[in-house]
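Engineer: CSV, C-alpha atoms, file upload_33.csv:
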```csv
chain,number,residue,atom,x,y,z
J,1,MET,CA,86.8,-165.9,11.6
J,2,GLU,CA,83.1,-166.4,12.4
J,3,VAL,CA,81.2,-163.5,14.0
J,4,LEU,CA,80.0,-165.3,17.1
J,5,GLU,CA,83.5,-166.9,17.6
J,6,ALA,CA,85.1,-163.5,17.5
J,7,ILE,CA,82.5,-162.0,19.9
J,8,ARG,CA,83.1,-164.8,22.4
J,9,GLY,CA,86.8,-165.2,22.0
J,10,ARG,CA,87.9,-161.5,22.2
J,11,ARG,CA,89.6,-160.6,25.5
J,12,SER,CA,91.1,-157.3,26.7
J,13,ILE,CA,94.8,-157.6,26.3
J,14,ARG,CA,97.3,-155.8,28.6
J,15,LYS,CA,100.6,-157.3,27.5
J,16,TYR,CA,101.8,-156.9,23.9
J,17,LYS,CA,104.7,-158.0,21.7
J,18,PRO,CA,106.7,-155.1,20.3
J,19,GLN,CA,106.1,-156.3,16.7
J,20,PRO,CA,104.7,-153.5,14.5
J,21,ILE,CA,101.4,-153.8,12.8
J,22,PRO,CA,101.4,-153.8,8.9
J,23,ASP,CA,99.6,-150.8,7.3
J,24,GLU,CA,97.1,-153.0,5.5
J,25,VAL,CA,96.1,-154.5,8.8
J,26,VAL,CA,95.6,-151.1,10.4
J,27,GLU,CA,93.4,-150.1,7.5
J,28,LYS,CA,91.2,-153.2,7.9
J,29,ILE,CA,90.6,-152.2,11.5
J,30,LEU,CA,89.8,-148.6,10.6
J,31,GLU,CA,87.5,-150.0,7.8
J,32,ALA,CA,85.6,-152.0,10.4
J,33,GLY,CA,85.2,-148.8,12.5
J,34,ARG,CA,83.7,-146.7,9.8
J,35,TRP,CA,81.0,-149.3,9.0
J,36,ALA,CA,79.4,-148.9,12.4
J,37,PRO,CA,75.8,-147.6,12.5
J,38,SER,CA,75.2,-144.1,13.8
J,39,GLY,CA,72.2,-142.1,14.8
J,40,GLY,CA,70.9,-140.3,11.7
J,41,ASN,CA,74.0,-141.7,9.9
J,42,ILE,CA,76.0,-138.8,11.2
J,43,GLN,CA,79.2,-140.9,11.6
J,44,PRO,CA,80.6,-138.6,14.3
J,45,TRP,CA,83.9,-140.5,14.6
J,46,ILE,CA,87.4,-139.3,13.9
J,47,PHE,CA,90.2,-141.8,14.3
J,48,ILE,CA,93.7,-140.6,15.3
J,49,VAL,CA,96.1,-143.5,14.6
J,50,VAL,CA,99.1,-143.1,17.0
J,51,ARG,CA,102.2,-145.0,16.0
J,52,ASP,CA,104.9,-142.5,17.0
J,53,ARG,CA,106.7,-144.0,20.0
J,54,ALA,CA,107.1,-140.8,21.9
J,55,THR,CA,103.5,-139.8,21.4
J,56,LEU,CA,102.3,-143.2,22.6
J,57,GLU,CA,104.4,-142.9,25.7
J,58,MET,CA,103.0,-139.4,26.5
J,59,ILE,CA,99.5,-140.7,26.2
J,60,ARG,CA,100.3,-143.7,28.3
J,61,LYS,CA,101.6,-141.5,31.1
J,62,VAL,CA,98.2,-139.6,31.3
J,63,SER,CA,96.1,-142.8,31.1
J,64,PRO,CA,96.2,-144.8,34.3
J,65,GLY,CA,94.3,-147.8,32.7
J,66,TYR,CA,96.6,-148.0,29.7
J,67,LEU,CA,98.9,-151.0,30.3
J,68,GLY,CA,101.6,-152.6,28.2
J,69,THR,CA,103.6,-151.2,25.4
J,70,ALA,CA,101.6,-151.9,22.3
J,71,PRO,CA,103.0,-150.4,19.1
J,72,LEU,CA,99.7,-148.7,18.2
J,73,ALA,CA,96.7,-146.8,19.7
J,74,ILE,CA,93.6,-145.5,17.9
J,75,VAL,CA,92.2,-142.5,19.7
J,76,VAL,CA,88.6,-142.4,18.7
J,77,CYS,CA,87.2,-138.9,18.9
J,78,SER,CA,83.8,-137.5,18.1
J,79,ASP,CA,82.9,-134.3,16.3
J,80,LYS,CA,80.6,-132.8,19.0
J,81,GLN,CA,80.0,-129.6,17.1
J,82,ARG,CA,78.7,-131.4,14.0
J,83,ALA,CA,76.7,-133.8,16.2
J,84,PHE,CA,75.0,-130.9,17.8
J,85,GLN,CA,74.2,-129.2,14.5
J,86,VAL,CA,72.6,-132.4,13.1
J,87,GLY,CA,71.2,-134.1,16.2
J,88,GLY,CA,70.8,-131.4,18.9
J,89,ARG,CA,71.7,-132.2,22.5
J,90,LEU,CA,70.9,-135.9,22.2
J,91,GLY,CA,73.2,-136.1,19.2
J,92,ARG,CA,76.0,-134.3,21.0
J,93,ASP,CA,75.7,-135.6,24.5
J,94,TYR,CA,74.5,-139.2,23.9
J,95,MET,CA,74.8,-140.5,20.4
J,96,THR,CA,78.4,-139.4,20.0
J,97,ILE,CA,79.3,-141.7,22.9
J,98,ALA,CA,77.2,-144.6,21.7
J,99,ASP,CA,78.2,-144.3,18.0
J,100,CYS,CA,81.9,-144.2,18.8
J,101,ALA,CA,81.5,-147.1,21.2
J,102,MET,CA,79.9,-149.1,18.4
J,103,ALA,CA,82.7,-148.2,16.0
J,104,VAL,CA,85.2,-149.3,18.7
J,105,GLN,CA,83.4,-152.6,19.1
J,106,ASN,CA,83.7,-153.2,15.4
J,107,MET,CA,87.4,-152.4,15.6
J,108,LEU,CA,88.0,-154.8,18.5
J,109,LEU,CA,86.3,-157.7,16.6
J,110,ALA,CA,88.1,-157.0,13.4
J,111,ALA,CA,91.5,-156.7,15.2
J,112,TYR,CA,90.8,-160.0,17.0
J,113,ALA,CA,89.9,-161.7,13.7
J,114,LEU,CA,93.2,-160.4,12.3
J,115,GLY,CA,95.2,-162.0,15.2
J,116,LEU,CA,95.6,-158.8,17.2
J,117,GLY,CA,94.8,-158.0,20.8
J,118,THR,CA,93.1,-154.8,22.0
J,119,CYS,CA,92.2,-152.9,25.1
J,120,VAL,CA,89.7,-150.1,25.4
J,121,VAL,CA,90.9,-147.3,27.7
J,122,LYS,CA,88.7,-144.5,29.1
J,123,SER,CA,90.8,-143.6,32.2
J,124,PHE,CA,92.8,-140.9,30.4
J,125,SER,CA,93.1,-137.2,31.1
J,126,PRO,CA,91.1,-135.6,28.3
J,127,ILE,CA,92.9,-132.3,28.7
J,128,ALA,CA,96.3,-133.9,28.4
J,129,VAL,CA,95.3,-136.1,25.4
J,130,ARG,CA,93.8,-133.1,23.6
J,131,GLU,CA,97.1,-131.2,24.1
J,132,ILE,CA,99.3,-134.1,23.1
J,133,LEU,CA,97.3,-134.8,19.9
J,134,GLU,CA,96.5,-131.1,19.2
J,135,ILE,CA,92.8,-131.8,19.2
J,136,PRO,CA,90.8,-128.6,18.6
J,137,ASP,CA,87.7,-127.4,20.4
J,138,GLY,CA,84.5,-129.1,19.3
J,139,ILE,CA,86.3,-132.5,18.9
J,140,GLU,CA,86.3,-134.8,21.9
J,141,PRO,CA,88.5,-137.8,22.6
J,142,GLU,CA,86.0,-140.5,23.5
J,143,LEU,CA,87.9,-143.8,23.8
J,144,ILE,CA,91.4,-145.1,23.2
J,145,VAL,CA,91.8,-148.5,21.6
J,146,VAL,CA,95.2,-150.0,22.3
J,147,VAL,CA,96.3,-152.4,19.6
J,148,GLY,CA,99.1,-154.9,19.3
J,149,TYR,CA,100.0,-158.6,19.0
J,150,PRO,CA,99.1,-160.2,22.3
J,151,ASP,CA,101.8,-161.5,24.6
J,152,GLU,CA,99.3,-163.1,27.0
J,153,ARG,CA,96.3,-165.3,27.0
J,154,PRO,CA,94.1,-163.9,29.7
J,155,VAL,CA,91.6,-166.1,31.6
J,156,VAL,CA,88.0,-165.6,30.7
J,157,PRO,CA,86.6,-163.1,33.2
J,158,HIS,CA,83.3,-163.6,34.9
J,159,ARG,CA,80.2,-163.1,32.9
J,160,PHE,CA,76.6,-162.9,34.1
J,161,SER,CA,74.5,-165.6,32.5
J,162,ILE,CA,71.7,-164.7,30.1
J,163,GLU,CA,69.1,-165.6,32.8
J,164,GLU,CA,70.8,-163.2,35.3
J,165,ILE,CA,70.5,-160.2,32.9
J,166,THR,CA,67.4,-160.8,30.8
J,167,TYR,CA,63.7,-160.2,31.4
J,168,LEU,CA,60.8,-161.0,29.2
J,169,ASP,CA,58.2,-158.3,28.2
J,170,LYS,CA,58.7,-156.3,31.4
J,171,TYR,CA,61.3,-155.7,34.0
J,172,GLY,CA,61.4,-158.4,36.7
J,173,ASN,CA,59.7,-161.1,34.6
J,174,LYS,CA,62.3,-163.9,34.2
J,175,PHE,CA,63.4,-164.9,30.8
J,176,VAL,CA,63.5,-168.7,30.7
J,177,ARG,CA,66.0,-170.2,28.2
J,178,LYS,CA,64.4,-172.8,26.0
J,179,GLY,CA,67.4,-173.3,23.7
J,180,PRO,CA,69.9,-176.2,24.0
R,181,MET,CA,79.6,-165.5,8.5
R,182,GLU,CA,83.0,-163.8,8.6
R,183,VAL,CA,83.5,-160.9,11.0
R,184,LEU,CA,84.5,-158.3,8.4
R,185,GLU,CA,81.7,-159.4,6.1
R,186,ALA,CA,79.1,-159.0,8.8
R,187,ILE,CA,80.5,-155.6,9.8
R,188,ARG,CA,80.3,-154.3,6.2
R,189,GLY,CA,77.1,-156.0,5.2
R,190,ARG,CA,74.9,-155.0,8.2
R,191,ARG,CA,72.3,-152.4,7.4
R,192,SER,CA,69.6,-150.7,9.5
R,193,ILE,CA,66.3,-152.4,8.6
R,194,ARG,CA,63.0,-150.6,8.9
R,195,LYS,CA,60.7,-153.0,7.1
R,196,TYR,CA,60.2,-156.5,8.6
R,197,LYS,CA,58.4,-159.7,7.8
R,198,PRO,CA,55.9,-160.8,10.6
R,199,GLN,CA,57.6,-164.2,10.9
R,200,PRO,CA,58.5,-164.9,14.6
R,201,ILE,CA,62.1,-165.5,15.7
R,202,PRO,CA,62.9,-168.9,17.2
R,203,ASP,CA,63.9,-168.9,20.9
R,204,GLU,CA,67.4,-170.3,20.2
R,205,VAL,CA,68.1,-167.5,17.7
R,206,VAL,CA,67.0,-164.9,20.3
R,207,GLU,CA,69.4,-166.5,22.8
R,208,LYS,CA,72.3,-166.4,20.4
R,209,ILE,CA,71.7,-162.6,20.0
R,210,LEU,CA,71.6,-162.2,23.8
R,211,GLU,CA,74.7,-164.3,24.1
R,212,ALA,CA,76.5,-162.0,21.7
R,213,GLY,CA,75.5,-159.0,23.8
R,214,ARG,CA,76.7,-160.4,27.1
R,215,TRP,CA,80.3,-161.0,25.7
R,216,ALA,CA,80.9,-157.3,25.1
R,217,PRO,CA,83.7,-155.7,27.0
R,218,SER,CA,82.9,-153.3,29.8
R,219,GLY,CA,84.8,-150.8,32.0
R,220,GLY,CA,86.1,-152.7,35.0
R,221,ASN,CA,84.1,-155.7,33.7
R,222,ILE,CA,81.0,-154.2,35.4
R,223,GLN,CA,78.6,-155.5,32.7
R,224,PRO,CA,76.0,-152.9,33.4
R,225,TRP,CA,73.5,-154.2,30.8
R,226,ILE,CA,70.1,-155.6,31.4
R,227,PHE,CA,68.2,-156.9,28.4
R,228,ILE,CA,64.4,-156.8,28.3
R,229,VAL,CA,63.2,-159.0,25.4
R,230,VAL,CA,59.8,-157.7,24.2
R,231,ARG,CA,57.8,-160.2,22.3
R,232,ASP,CA,54.3,-159.3,23.5
R,233,ARG,CA,52.5,-157.7,20.6
R,234,ALA,CA,50.6,-155.1,22.7
R,235,THR,CA,53.8,-154.1,24.6
R,236,LEU,CA,55.7,-153.8,21.3
R,237,GLU,CA,52.9,-151.5,20.0
R,238,MET,CA,53.0,-149.3,23.1
R,239,ILE,CA,56.7,-148.9,22.8
R,240,ARG,CA,56.5,-148.1,19.1
R,241,LYS,CA,53.9,-145.4,19.8
R,242,VAL,CA,56.4,-143.6,22.1
R,243,SER,CA,59.4,-144.0,19.8
R,244,PRO,CA,59.3,-141.8,16.7
R,245,GLY,CA,62.3,-143.5,15.1
R,246,TYR,CA,60.9,-147.0,15.6
R,247,LEU,CA,59.6,-148.1,12.2
R,248,GLY,CA,58.1,-151.3,10.9
R,249,THR,CA,56.4,-154.1,12.8
R,250,ALA,CA,59.2,-156.4,13.8
R,251,PRO,CA,58.1,-159.3,16.1
R,252,LEU,CA,60.8,-158.5,18.6
R,253,ALA,CA,62.6,-155.7,20.4
R,254,ILE,CA,65.4,-155.9,22.9
R,255,VAL,CA,65.4,-152.9,25.3
R,256,VAL,CA,68.9,-152.6,26.5
R,257,CYS,CA,69.0,-151.0,29.9
R,258,SER,CA,71.9,-150.1,32.2
R,259,ASP,CA,72.1,-150.5,36.0
R,260,LYS,CA,73.1,-146.9,36.8
R,261,GLN,CA,73.1,-147.5,40.5
R,262,ARG,CA,75.5,-150.4,40.4
R,263,ALA,CA,77.7,-148.6,37.9
R,264,PHE,CA,78.0,-145.6,40.2
R,265,GLN,CA,78.9,-147.8,43.2
R,266,VAL,CA,81.6,-149.5,41.2
R,267,GLY,CA,82.8,-146.8,38.8
R,268,GLY,CA,81.7,-143.5,40.3
R,269,ARG,CA,80.4,-140.8,38.0
R,270,LEU,CA,82.4,-141.8,34.9
R,271,GLY,CA,81.0,-145.3,35.4
R,272,ARG,CA,77.5,-144.1,35.7
R,273,ASP,CA,77.4,-141.3,33.3
R,274,TYR,CA,79.7,-142.5,30.5
R,275,MET,CA,80.6,-146.2,30.7
R,276,THR,CA,77.0,-147.4,31.0
R,277,ILE,CA,76.3,-145.7,27.6
R,278,ALA,CA,79.5,-146.9,25.9
R,279,ASP,CA,79.3,-150.5,27.4
R,280,CYS,CA,75.6,-150.9,26.4
R,281,ALA,CA,76.4,-149.6,22.9
R,282,MET,CA,79.2,-152.2,22.5
R,283,ALA,CA,76.8,-154.9,23.6
R,284,VAL,CA,74.3,-153.6,21.1
R,285,GLN,CA,76.9,-153.7,18.3
R,286,ASN,CA,77.6,-157.3,19.1
R,287,MET,CA,73.9,-158.1,19.0
R,288,LEU,CA,73.5,-156.3,15.6
R,289,LEU,CA,76.3,-158.3,14.1
R,290,ALA,CA,75.2,-161.7,15.6
R,291,ALA,CA,71.6,-161.0,14.3
R,292,TYR,CA,72.9,-160.2,10.9
R,293,ALA,CA,75.0,-163.3,10.8
R,294,LEU,CA,71.8,-165.3,11.7
R,295,GLY,CA,69.9,-163.8,8.8
R,296,LEU,CA,68.0,-161.2,10.8
R,297,GLY,CA,67.7,-157.4,10.4
R,298,THR,CA,68.0,-154.9,13.2
R,299,CYS,CA,67.6,-151.2,13.8
R,300,VAL,CA,68.9,-149.2,16.8
R,301,VAL,CA,66.4,-146.7,18.3
R,302,LYS,CA,67.2,-143.9,20.7
R,303,SER,CA,64.3,-141.5,19.9
R,304,PHE,CA,62.0,-143.0,22.5
R,305,SER,CA,60.4,-141.3,25.5
R,306,PRO,CA,62.4,-142.8,28.4
R,307,ILE,CA,59.6,-142.0,30.9
R,308,ALA,CA,57.0,-143.8,28.8
R,309,VAL,CA,59.3,-146.8,28.2
R,310,ARG,CA,60.0,-147.0,31.9
R,311,GLU,CA,56.3,-147.1,32.6
R,312,ILE,CA,55.4,-149.6,29.9
R,313,LEU,CA,58.1,-152.0,31.0
R,314,GLU,CA,57.9,-151.3,34.7
R,315,ILE,CA,61.6,-150.3,34.9
R,316,PRO,CA,62.5,-149.3,38.5
R,317,ASP,CA,64.6,-146.3,39.5
R,318,GLY,CA,68.3,-146.8,39.1
R,319,ILE,CA,67.8,-148.7,35.9
R,320,GLU,CA,67.9,-146.7,32.6
R,321,PRO,CA,66.7,-147.7,29.2
R,322,GLU,CA,69.6,-146.9,26.9
R,323,LEU,CA,68.9,-148.2,23.4
R,324,ILE,CA,66.2,-150.3,21.8
R,325,VAL,CA,67.2,-152.9,19.3
R,326,VAL,CA,64.4,-153.8,16.9
R,327,VAL,CA,64.8,-157.3,15.5
R,328,GLY,CA,63.1,-159.2,12.7
R,329,TYR,CA,63.5,-160.9,9.4
R,330,PRO,CA,64.2,-158.1,6.9
R,331,ASP,CA,61.6,-157.3,4.2
R,332,GLU,CA,63.8,-154.8,2.4
R,333,ARG,CA,67.3,-154.5,1.1
R,334,PRO,CA,68.3,-150.9,1.8
R,335,VAL,CA,70.9,-149.2,-0.3
R,336,VAL,CA,74.2,-148.7,1.3
R,337,PRO,CA,74.1,-145.2,2.9
R,338,HIS,CA,77.0,-142.8,2.4
R,339,ARG,CA,80.1,-143.5,4.4
R,340,PHE,CA,83.1,-141.2,5.0
R,341,SER,CA,86.3,-142.7,3.6
R,342,ILE,CA,89.1,-143.7,5.8
R,343,GLU,CA,91.1,-140.7,4.5
R,344,GLU,CA,88.3,-138.3,5.5
R,345,ILE,CA,88.1,-139.5,9.1
R,346,THR,CA,91.6,-140.5,10.0
R,347,TYR,CA,94.7,-138.7,11.2
R,348,LEU,CA,98.2,-139.9,12.0
R,349,ASP,CA,99.9,-139.2,15.3
R,350,LYS,CA,98.1,-135.9,15.8
R,351,TYR,CA,94.9,-134.2,14.7
R,352,GLY,CA,95.1,-132.6,11.3
R,353,ASN,CA,98.0,-134.8,10.1
R,354,LYS,CA,96.6,-136.8,7.1
R,355,PHE,CA,96.7,-140.5,7.3
R,356,VAL,CA,97.7,-141.8,3.9
R,357,ARG,CA,96.5,-145.2,2.9
R,358,LYS,CA,99.2,-147.6,1.8
R,359,GLY,CA,97.2,-150.7,1.5
R,360,PRO,CA,95.7,-152.1,-1.8
```
What do you get writing this file as structure tokens?
Structural biologist:
Amino acid sequence: MEVLEAIRGRRSIRKYKPQPIPDEVVEKILEAGRWAPSGGNIQPWIFIVVRDRATLEMIRKVSPGYLGTAPLAIVVCSDKQRAFQVGGRLGRDYMTIADCAMAVQNMLLAAYALGLGTCVVKSFSPIAVREILEIPDGIEPELIVVVGYPDERPVVPHRFSIEEITYLDKYGNKFVRKGP
Amino acid sequence: MEVLEAIRGRRSIRKYKPQPIPDEVVEKILEAGRWAPSGGNIQPWIFIVVRDRATLEMIRKVSPGYLGTAPLAIVVCSDKQRAFQVGGRLGRDYMTIADCAMAVQNMLLAAYALGLGTCVVKSFSPIAVREILEIPDGIEPELIVVVGYPDERPVVPHRFSIEEITYLDKYGNKFVRKGP
């Protein structure tokens, strides 16, 4: 699938088929994640692939925004301790979030290109997720990516136009589209 | 260009040709950015396209990590005030960073698919960038995306393998690849 087609076509999916995801497909999604850029190439991400049904259910119970019963979730964590050692406070407090989000976006696009649906969840209890997944101190669960075969075709949600969100050379100076 | 090919092939570029970027190409990159997902569909991003040579130079001078003389930079800002109104503290302090990073990743991939090179810069002085671009209070410059035609082919930097960064069902439980 073409890059721009994937970027425009991807939707957040909240209803999934129970159908399991083959291992080689899961690996392609992880592969996409690990090729994201990161500040100072620190690659702060750690992926916890959750396939165990009971574990998925426990996570879902502590994540209000986690809808549907997808067969897989990837809990994207960051190594805050290593990020601090390499990148100081900016590394630990900012770049871990941005880097993991970029890895997540790669995974969403790869999953979509492979026929899968995804949804990013942040509304989880970090304390509960740490306990369920036995995540040690220094490692932080950043975002959960729910993955499964979609059982809905959501309408395209509202998007601001380029003109509404873009300025030229300084804030407030309208960017006028010249393209077709 | 295929999604997975773009994800794996993209490199951070630090040496650019002076060649300007056609408007319709810039618009395709912005288009990719605006299709990123965002928490509660808030779309907190504001893009400031900087093409003015003097402005680019000023930004470069206050951004230690900003290398090369690319003809374009996109300063990705977030609307912290709106994010707080809609999403509270998590919306303002976390999701703005993650959402803007996802929009940035889309732009990096689109630019690469269009034959362009990019580099994400965070090592800038936010105070100086605010002043140069006349960014008002409540709006925060998050990341700068430098864009231009590449004048180098960087070697592929080290990447952790899937096995090194992935666990199954709980932290510490090795994920064993089964794929080819």
Engineer: Quick one: distance from atom CA of Val76 of chain J to atom CA of Val256 of chain R in Å, one decimal?
Structural biologist: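 Between atom CA of Val76 of chain J and atom CA of Val256 of chain R the gap is 23.5 Å.
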Engineer: I'm after chain J in the frame of chain R: fit it by least squares over all Cα atoms matched in order, and give me the output as a short mmCIF file (atom, residue, chain, number, x, y, z; two decimals) with C-alpha atoms, keeping the file's coordinate frame.
Structural biologist:
```cif
data_model
loop_
_atom_site.label_atom_id
_atom_site.label_comp_id
_atom_site.auth_asym_id
_atom_site.auth_seq_id
_atom_site.Cartn_x
_atom_site.Cartn_y
_atom_site.Cartn_z
CA MET J 1 79.62 -165.52 8.51
CA GLU J 2 83.02 -163.78 8.57
CA VAL J 3 83.49 -160.86 10.99
CA LEU J 4 84.49 -158.23 8.46
CA GLU J 5 81.66 -159.38 6.06
CA ALA J 6 79.12 -158.96 8.80
CA ILE J 7 80.52 -155.52 9.81
CA ARG J 8 80.31 -154.31 6.21
CA GLY J 9 77.11 -155.97 5.19
CA ARG J 10 74.87 -155.02 8.19
CA ARG J 11 72.29 -152.33 7.37
CA SER J 12 69.59 -150.73 9.55
CA ILE J 13 66.37 -152.36 8.62
CA ARG J 14 62.98 -150.55 8.81
CA LYS J 15 60.66 -153.04 7.16
CA TYR J 16 60.22 -156.54 8.62
CA LYS J 17 58.38 -159.77 7.83
CA PRO J 18 55.92 -160.79 10.53
CA GLN J 19 57.64 -164.20 10.95
CA PRO J 20 58.53 -164.88 14.61
CA ILE J 21 62.04 -165.45 15.71
CA PRO J 22 62.90 -168.95 17.19
CA ASP J 23 63.95 -168.91 20.89
CA GLU J 24 67.35 -170.39 20.15
CA VAL J 25 68.03 -167.56 17.77
CA VAL J 26 67.05 -164.94 20.33
CA GLU J 27 69.40 -166.54 22.81
CA LYS J 28 72.33 -166.42 20.36
CA ILE J 29 71.77 -162.69 20.02
CA LEU J 30 71.56 -162.16 23.77
CA GLU J 31 74.74 -164.36 24.08
CA ALA J 32 76.56 -162.02 21.72
CA GLY J 33 75.44 -159.04 23.88
CA ARG J 34 76.75 -160.36 27.13
CA TRP J 35 80.25 -161.00 25.69
CA ALA J 36 80.85 -157.32 25.11
CA PRO J 37 83.73 -155.69 27.03
CA SER J 38 82.88 -153.27 29.81
CA GLY J 39 84.79 -150.81 31.89
CA GLY J 40 86.09 -152.64 34.97
CA ASN J 41 84.08 -155.67 33.72
CA ILE J 42 81.02 -154.26 35.39
CA GLN J 43 78.65 -155.56 32.64
CA PRO J 44 76.04 -152.88 33.38
CA TRP J 45 73.53 -154.24 30.83
CA ILE J 46 70.08 -155.62 31.40
CA PHE J 47 68.21 -156.91 28.39
CA ILE J 48 64.38 -156.76 28.32
CA VAL J 49 63.24 -159.03 25.45
CA VAL J 50 59.82 -157.71 24.23
CA ARG J 51 57.79 -160.17 22.22
CA ASP J 52 54.28 -159.38 23.50
CA ARG J 53 52.44 -157.71 20.61
CA ALA J 54 50.64 -155.16 22.68
CA THR J 55 53.75 -154.16 24.56
CA LEU J 56 55.67 -153.73 21.31
CA GLU J 57 52.96 -151.52 19.94
CA MET J 58 52.96 -149.30 23.09
CA ILE J 59 56.66 -148.85 22.81
CA ARG J 60 56.42 -148.12 19.14
CA LYS J 61 53.91 -145.36 19.76
CA VAL J 62 56.39 -143.52 22.14
CA SER J 63 59.39 -144.00 19.81
CA PRO J 64 59.23 -141.76 16.77
CA GLY J 65 62.29 -143.49 15.10
CA TYR J 66 60.90 -146.98 15.56
CA LEU J 67 59.60 -148.08 12.13
CA GLY J 68 58.08 -151.31 10.89
CA THR J 69 56.41 -154.04 12.77
CA ALA J 70 59.16 -156.40 13.76
CA PRO J 71 58.09 -159.27 16.02
CA LEU J 72 60.79 -158.51 18.62
CA ALA J 73 62.62 -155.64 20.41
CA ILE J 74 65.46 -155.87 22.95
CA VAL J 75 65.40 -152.90 25.27
CA VAL J 76 68.91 -152.63 26.53
CA CYS J 77 69.04 -150.94 29.91
CA SER J 78 71.90 -150.16 32.22
CA ASP J 79 72.10 -150.52 35.97
CA LYS J 80 73.15 -146.91 36.80
CA GLN J 81 73.10 -147.46 40.53
CA ARG J 82 75.56 -150.37 40.38
CA ALA J 83 77.68 -148.48 37.83
CA PHE J 84 77.97 -145.63 40.20
CA GLN J 85 78.89 -147.82 43.15
CA VAL J 86 81.70 -149.54 41.16
CA GLY J 87 82.85 -146.82 38.77
CA GLY J 88 81.76 -143.45 40.25
CA ARG J 89 80.40 -140.75 37.97
CA LEU J 90 82.38 -141.88 34.94
CA GLY J 91 80.98 -145.37 35.39
CA ARG J 92 77.43 -144.10 35.71
CA ASP J 93 77.35 -141.25 33.27
CA TYR J 94 79.74 -142.49 30.53
CA MET J 95 80.65 -146.13 30.63
CA THR J 96 77.07 -147.30 30.98
CA ILE J 97 76.33 -145.68 27.61
CA ALA J 98 79.46 -146.96 25.92
CA ASP J 99 79.25 -150.51 27.38
CA CYS J 100 75.63 -150.94 26.35
CA ALA J 101 76.40 -149.54 22.92
CA MET J 102 79.13 -152.14 22.54
CA ALA J 103 76.79 -154.92 23.64
CA VAL J 104 74.24 -153.62 21.08
CA GLN J 105 76.86 -153.69 18.36
CA ASN J 106 77.59 -157.29 19.16
CA MET J 107 73.88 -158.05 18.99
CA LEU J 108 73.46 -156.36 15.60
CA LEU J 109 76.37 -158.40 14.09
CA ALA J 110 75.19 -161.64 15.54
CA ALA J 111 71.56 -161.01 14.37
CA TYR J 112 72.86 -160.17 10.88
CA ALA J 113 74.96 -163.36 10.80
CA LEU J 114 71.81 -165.28 11.78
CA GLY J 115 69.84 -163.79 8.80
CA LEU J 116 68.01 -161.15 10.82
CA GLY J 117 67.70 -157.42 10.35
CA THR J 118 67.99 -154.84 13.14
CA CYS J 119 67.53 -151.19 13.87
CA VAL J 120 68.87 -149.28 16.82
CA VAL J 121 66.37 -146.75 18.20
CA LYS J 122 67.20 -143.95 20.67
CA SER J 123 64.29 -141.56 19.84
CA PHE J 124 61.98 -143.00 22.51
CA SER J 125 60.37 -141.35 25.50
CA PRO J 126 62.32 -142.74 28.44
CA ILE J 127 59.52 -141.96 30.86
CA ALA J 128 56.96 -143.80 28.79
CA VAL J 129 59.25 -146.84 28.17
CA ARG J 130 60.07 -147.07 31.88
CA GLU J 131 56.31 -147.10 32.67
CA ILE J 132 55.43 -149.58 29.96
CA LEU J 133 58.20 -152.03 30.99
CA GLU J 134 57.91 -151.28 34.75
CA ILE J 135 61.54 -150.32 34.94
CA PRO J 136 62.50 -149.25 38.48
CA ASP J 137 64.58 -146.28 39.56
CA GLY J 138 68.31 -146.76 39.15
CA ILE J 139 67.82 -148.72 35.85
CA GLU J 140 67.90 -146.72 32.65
CA PRO J 141 66.67 -147.70 29.20
CA GLU J 142 69.64 -146.91 26.98
CA LEU J 143 68.88 -148.24 23.49
CA ILE J 144 66.20 -150.29 21.78
CA VAL J 145 67.26 -152.88 19.24
CA VAL J 146 64.45 -153.79 16.88
CA VAL J 147 64.80 -157.29 15.51
CA GLY J 148 63.08 -159.21 12.76
CA TYR J 149 63.50 -160.88 9.35
CA PRO J 150 64.11 -158.11 6.86
CA ASP J 151 61.53 -157.30 4.22
CA GLU J 152 63.82 -154.83 2.42
CA ARG J 153 67.28 -154.53 1.11
CA PRO J 154 68.27 -150.99 1.82
CA VAL J 155 70.86 -149.15 -0.33
CA VAL J 156 74.22 -148.66 1.26
CA PRO J 157 74.16 -145.21 2.86
CA HIS J 158 76.99 -142.78 2.49
CA ARG J 159 80.13 -143.44 4.39
CA PHE J 160 83.12 -141.15 4.90
CA SER J 161 86.27 -142.74 3.55
CA ILE J 162 89.09 -143.73 5.88
CA GLU J 163 91.18 -140.74 4.62
CA GLU J 164 88.30 -138.32 5.45
CA ILE J 165 88.15 -139.47 9.13
CA THR J 166 91.66 -140.55 10.07
CA TYR J 167 94.74 -138.65 11.19
CA LEU J 168 98.16 -139.95 11.95
CA ASP J 169 99.91 -139.20 15.33
CA LYS J 170 98.11 -135.88 15.80
CA TYR J 171 94.95 -134.19 14.78
CA GLY J 172 95.13 -132.61 11.30
CA ASN J 173 98.02 -134.77 10.05
CA LYS J 174 96.60 -136.81 7.11
CA PHE J 175 96.65 -140.51 7.27
CA VAL J 176 97.79 -141.78 3.87
CA ARG J 177 96.52 -145.28 2.92
CA LYS J 178 99.31 -147.53 1.77
CA GLY J 179 97.20 -150.70 1.54
CA PRO J 180 95.76 -152.11 -1.73
#
```
Engineer: May I ask which of the residues R:Lys350, R:Arg240, R:Arg357, R:Arg333 is the closest one to chain J, counting all atoms listed in the file?
Structural biologist: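 Closest to chain J, using all atoms listed in the file: R:Lys350.
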Engineer: I need the contact residues of chain R against chain J, so if you could list those with any atom within 7 Å, counting only C-alpha atoms, and return them as a ChimeraX atom specification, that would help.
Structural biologist: /R:181-184,187-188,203-204,210-212,215,226-232,277-278,281-282,285-286,290,293,313-315,342,345-351,358-359
Engineer: Choose the residue, out of J:Leu116, J:Val86, J:Met58, J:Val129, that has the smallest atom-to-atom separation from Pro150 of chain J; count all atoms listed in the file.
Structural biologist: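 That would be J:Leu116, the residue with the smallest distance to Pro150 of chain J.
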